[in-house]
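The next block holds one structure in the form of structure tokens; read it before the comments.
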Amino acid sequence: MHVVAGVLVDDSGRILIAQRPAGKHLAGMWEFPGGKLEPGETAVTALARELDEELGIAVDPASFEALIRVPWRYGERDMLLEALVVRAWTGEPAALDAAAIAWHAPASIDPGLLAPADRPILAALRLPWHYPISPADASPEEAAAWVLAALARGERLLQLRLPGLPKETVRAVAAQVLPEVGRVGARLLLSRDIEGALALGMGVHLSSAQLGELAARPLPLSLAVGASCHDARELERTSRLGCDFATLSPVVATASHPDAEPLGWPRFGRMAEAASLPVYALGGLGPGDVAEARLHAGQGVSAIRGFVQEPL
Ligand SMILES: Nc1nc2c([nH]c(=O)n2[C@H]2C[C@H](O)[C@@H](COP(=O)(O)OP(=O)(O)OP(=O)(O)O)O2)c(=O)[nH]1
């Protein structure tokens, strides 16, 4: 079953969510307006029809922007949920079909209220296009300075990864920069250290080895969880655990992992599109590759060296 959903975004960046009416599948849960494709329809023509029927608004189908495709299974029901962003329409949206509609900033929506297949859509809306990772050989002072410099450049999602330093030292670096991370509304993820992330109230980035050891998402929905993936099986596991996003690597040959065989963009694209969560392209890339990543179903680009602009 192919379902298309529209994310209406207003001039102040708020998005429209709708509550499913009583008596329908997932009644009472919040979702994005849309519905199933009828025979002969494309995602775009179906969404234009659904927005007219459900909200009473007219849209120009040529203006829709692709956001994410989420393959999902509800019990026996297999579904492909395709989300498109809508920024312009004619008319005032009204709850013609929904129990209620509401406008919210993406950051203020509790993902637990949404239909499960919509949580990756909310994650894709909230996540930036860049996910820089700290230089592995940085000293504690250099690492703290790296985080602050990245925040000052406007980066909003960062991973603190210092594999050569003891856990306690890395936690102390995180504790030092967290007030500034919070002040600018950014998110910092601690590499691998679930306990430390819980104690400090920050996100965690899981290694692919940790994926196999976990039975459930290790942190509450309010703290970000990312994971390192290298193939379709790991992406599937990451989404089943309820993680917010994955990195998929290596896309091209990298200096830090010279022996790993690169995926290349076409394979990256096929795997990212088939995954049920936002996927950052990682490995031999930098901010200049964001457009390529988004063309290939990626959320954006993650990198260690790629984001280092000044020598440490
Ligand atoms: N429209 C919509 N459906 C969603 C979303 N998330 C999600 O899991 N679904 C599921 C719920 C349903 O099983 C299916 C879409 O069904 P629907 O009831 O909205 O489809 P429709 O408008 O064509 O309605 P109907 O003819 O069955 O009444 O997709 C979402 O954001 N929007």
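Naming scheme: A, B, ... for chains in displayed order of the structure tokens; residues 1 onward per chain; ligands 1 onward as shown.
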Using only C-alpha atoms and all ligand atoms, which residues have at least one atom no more than 7 Å from ligand 1? Output them as a PyMOL selection string. chain A and resi 3-5+24-26+31-37+50+81+115-118
Selected residues written out with N, CA and C atoms, as a short mmCIF file (atom, residue, chain, number, x, y, z; two decimals), in the first residue's frame:
```
data_model
loop_
_atom_site.label_atom_id
_atom_site.label_comp_id
_atom_site.auth_asym_id
_atom_site.auth_seq_id
_atom_site.Cartn_x
_atom_site.Cartn_y
_atom_site.Cartn_z
N VAL A 3 1.08 5.18 0.54
CA VAL A 3 0.36 6.29 1.17
C VAL A 3 1.22 7.54 1.01
N VAL A 4 0.59 8.66 0.68
CA VAL A 4 1.33 9.91 0.58
C VAL A 4 0.84 10.86 1.67
N ALA A 5 1.79 11.58 2.29
CA ALA A 5 1.43 12.50 3.36
C ALA A 5 2.08 13.85 3.08
N LYS A 24 -11.19 4.75 12.52
CA LYS A 24 -10.21 4.43 11.48
C LYS A 24 -8.99 3.76 12.11
N HIS A 25 -8.17 3.09 11.27
CA HIS A 25 -6.88 2.56 11.72
C HIS A 25 -6.11 3.68 12.44
N LEU A 26 -5.50 3.39 13.58
CA LEU A 26 -4.70 4.35 14.35
C LEU A 26 -5.53 5.56 14.83
N GLU A 31 -1.05 12.67 12.75
CA GLU A 31 -0.39 12.28 11.51
C GLU A 31 -0.27 13.50 10.62
N PHE A 32 0.19 13.27 9.39
CA PHE A 32 0.21 14.32 8.39
C PHE A 32 -0.93 14.04 7.41
N PRO A 33 -1.64 15.09 6.97
CA PRO A 33 -2.77 14.86 6.08
C PRO A 33 -2.34 14.13 4.81
N GLY A 34 -3.19 13.26 4.31
CA GLY A 34 -2.86 12.52 3.10
C GLY A 34 -3.69 11.27 3.04
N GLY A 35 -3.24 10.29 2.27
CA GLY A 35 -3.99 9.04 2.18
C GLY A 35 -3.43 8.15 1.09
N LYS A 36 -4.18 7.10 0.78
CA LYS A 36 -3.71 6.10 -0.18
C LYS A 36 -3.82 6.61 -1.61
N LEU A 37 -2.89 6.17 -2.44
CA LEU A 37 -2.97 6.49 -3.86
C LEU A 37 -4.12 5.69 -4.47
N GLU A 50 -5.98 14.69 -1.86
CA GLU A 50 -6.21 14.50 -0.42
C GLU A 50 -6.25 15.84 0.33
N LEU A 81 5.13 4.90 3.15
CA LEU A 81 4.62 6.24 3.47
C LEU A 81 5.59 7.26 2.88
N ALA A 115 1.48 8.79 14.80
CA ALA A 115 1.44 7.42 14.29
C ALA A 115 2.90 6.96 14.15
N PRO A 116 3.21 5.70 14.51
CA PRO A 116 4.62 5.27 14.53
C PRO A 116 5.37 5.54 13.22
N ALA A 117 4.74 5.35 12.08
CA ALA A 117 5.45 5.55 10.81
C ALA A 117 5.75 7.02 10.54
N ASP A 118 5.12 7.91 11.31
CA ASP A 118 5.36 9.34 11.12
C ASP A 118 6.54 9.86 11.92
#
```
Please give the complete set of residues from range 177-305 of chain A that DSSP, run on the backbone, assigns to strand (DSSP E), formatted as JSON, numbers by chain. {"A": [187, 188, 189, 190, 191, 203, 204, 205, 206, 225, 226, 227, 228, 229, 245, 246, 247, 248, 279, 280, 281, 282, 300, 301, 302, 303]}
Keeping only N, CA and C atoms, take the residues you just selected and write them out as an mmCIF file, in the first residue's frame.
```
data_model
loop_
_atom_site.group_PDB
_atom_site.id
_atom_site.type_symbol
_atom_site.label_atom_id
_atom_site.label_comp_id
_atom_site.auth_asym_id
_atom_site.auth_seq_id
_atom_site.Cartn_x
_atom_site.Cartn_y
_atom_site.Cartn_z
ATOM 1 N N ARG A 187 22.082 19.796 19.412
ATOM 2 C CA ARG A 187 22.153 18.497 20.085
ATOM 3 C C ARG A 187 23.555 17.923 19.930
ATOM 4 N N LEU A 188 24.068 17.400 21.058
ATOM 5 C CA LEU A 188 25.393 16.779 21.064
ATOM 6 C C LEU A 188 25.202 15.312 21.443
ATOM 7 N N LEU A 189 25.799 14.409 20.652
ATOM 8 C CA LEU A 189 25.678 12.981 20.923
ATOM 9 C C LEU A 189 27.030 12.437 21.361
ATOM 10 N N LEU A 190 27.004 11.677 22.431
ATOM 11 C CA LEU A 190 28.214 11.053 22.946
ATOM 12 C C LEU A 190 28.415 9.742 22.189
ATOM 13 N N SER A 191 29.631 9.519 21.699
ATOM 14 C CA SER A 191 29.872 8.283 20.961
ATOM 15 C C SER A 191 29.844 7.078 21.903
ATOM 16 N N GLY A 203 22.405 13.138 23.909
ATOM 17 C CA GLY A 203 22.184 12.026 22.987
ATOM 18 C C GLY A 203 23.334 11.041 22.992
ATOM 19 N N VAL A 204 23.121 9.937 22.267
ATOM 20 C CA VAL A 204 24.185 8.948 22.114
ATOM 21 C C VAL A 204 24.247 8.511 20.652
ATOM 22 N N HIS A 205 25.465 8.216 20.189
ATOM 23 C CA HIS A 205 25.638 7.642 18.858
ATOM 24 C C HIS A 205 26.178 6.229 19.027
ATOM 25 N N LEU A 206 25.393 5.234 18.601
ATOM 26 C CA LEU A 206 25.740 3.828 18.815
ATOM 27 C C LEU A 206 26.664 3.312 17.720
ATOM 28 N N VAL A 225 19.145 9.615 19.445
ATOM 29 C CA VAL A 225 19.905 8.368 19.291
ATOM 30 C C VAL A 225 20.218 8.171 17.805
ATOM 31 N N GLY A 226 21.516 8.127 17.498
ATOM 32 C CA GLY A 226 21.963 7.825 16.139
ATOM 33 C C GLY A 226 22.747 6.519 16.165
ATOM 34 N N ALA A 227 23.020 5.955 14.994
ATOM 35 C CA ALA A 227 23.793 4.711 14.951
ATOM 36 C C ALA A 227 24.593 4.631 13.659
ATOM 37 N N SER A 228 25.767 3.991 13.754
ATOM 38 C CA SER A 228 26.643 3.801 12.590
ATOM 39 C C SER A 228 26.251 2.530 11.859
ATOM 40 N N CYS A 229 25.895 2.635 10.590
ATOM 41 C CA CYS A 229 25.501 1.465 9.796
ATOM 42 C C CYS A 229 26.375 1.355 8.552
ATOM 43 N N PHE A 245 18.115 8.356 13.738
ATOM 44 C CA PHE A 245 18.777 8.443 12.436
ATOM 45 C C PHE A 245 19.974 7.510 12.420
ATOM 46 N N ALA A 246 20.512 7.322 11.208
ATOM 47 C CA ALA A 246 21.704 6.486 11.041
ATOM 48 C C ALA A 246 22.721 7.240 10.200
ATOM 49 N N THR A 247 23.982 6.821 10.328
ATOM 50 C CA THR A 247 24.962 7.193 9.316
ATOM 51 C C THR A 247 25.223 5.922 8.511
ATOM 52 N N LEU A 248 25.486 6.084 7.221
ATOM 53 C CA LEU A 248 25.783 4.925 6.374
ATOM 54 C C LEU A 248 27.113 5.207 5.680
ATOM 55 N N VAL A 279 18.992 9.046 6.940
ATOM 56 C CA VAL A 279 20.327 8.452 6.827
ATOM 57 C C VAL A 279 21.320 9.510 6.348
ATOM 58 N N TYR A 280 22.372 9.729 7.146
ATOM 59 C CA TYR A 280 23.452 10.633 6.720
ATOM 60 C C TYR A 280 24.498 9.856 5.944
ATOM 61 N N ALA A 281 24.988 10.452 4.854
ATOM 62 C CA ALA A 281 26.097 9.882 4.100
ATOM 63 C C ALA A 281 27.393 10.212 4.825
ATOM 64 N N LEU A 282 28.239 9.202 5.010
ATOM 65 C CA LEU A 282 29.495 9.379 5.753
ATOM 66 C C LEU A 282 30.613 8.658 5.013
ATOM 67 N N GLY A 300 21.586 14.159 4.748
ATOM 68 C CA GLY A 300 22.675 15.120 4.626
ATOM 69 C C GLY A 300 23.994 14.397 4.744
ATOM 70 N N VAL A 301 25.010 15.120 5.236
ATOM 71 C CA VAL A 301 26.372 14.598 5.270
ATOM 72 C C VAL A 301 26.926 14.615 6.686
ATOM 73 N N SER A 302 27.608 13.546 7.051
ATOM 74 C CA SER A 302 28.344 13.467 8.300
ATOM 75 C C SER A 302 29.822 13.295 7.957
ATOM 76 N N ALA A 303 30.703 13.859 8.767
ATOM 77 C CA ALA A 303 32.131 13.743 8.460
ATOM 78 C C ALA A 303 32.980 14.111 9.662
#
```
Hey, which of A:Pro111, A:Ala197, A:Ala18, A:Leu148 ends up closest to Glu168 in chain A? Count only C-alpha atoms.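 With only C-alpha atoms as the atom set, the closest residue is A:Ala197.
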For Asp78 in chain A, which of A:Ala253, A:Met1, A:Ile17, A:Val170 is the closest residue, counting only C-alpha atoms? A:Met1
Please determine, counting only C-alpha atoms, which residue among A:Gly196, A:Gly28, A:Gly56, A:Gly284 has the shortest atom-to-atom distance to Leu114 in chain A.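 The answer is A:Gly28, which sits nearest to Leu114 in chain A.
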DSSP on the backbone, helix (DSSP H, G or I) only: what residues of range 145-308 of chain A does that give? Format it as a PyMOL selection string. chain A and resi 145-152+167-183+194-200+208-213+232-240+265-274+287-295+305-307
Selected residue, from A:Ala145, A:Leu127, A:Leu214, A:Leu160, that lies nearest to Asp244 in chain A when counting only C-alpha atoms: A:Leu127
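Distance annotation: of A:Ala255, A:Leu295, A:Ile68, A:Val173, the residue with the minimal separation from Leu125 in chain A is A:Ile68; atom set is only C-alpha atoms.
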Counting only C-alpha atoms, the option among A:Tyr131, A:Ala123, A:Pro21, A:Glu54 closest to Ala94 in chain A: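 Under the stated criterion, the closest residue is A:Glu54.
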So how far away is CA of Glu142 in chain A from CA of Gly306 in chain A, in Å?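 Computing it gives 16.9 Å between the two atoms.
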Atom pair CA of Leu198 in chain A / CA of Ala216 in chain A: separation (Å): 14.6 Å
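Near Ile133 in chain A, within 6 Å and counting only C-alpha atoms, sit Leu158, Gln159, Ala303 and Ile304 of chain A; same-chain residues fewer than 6 positions away were not included.
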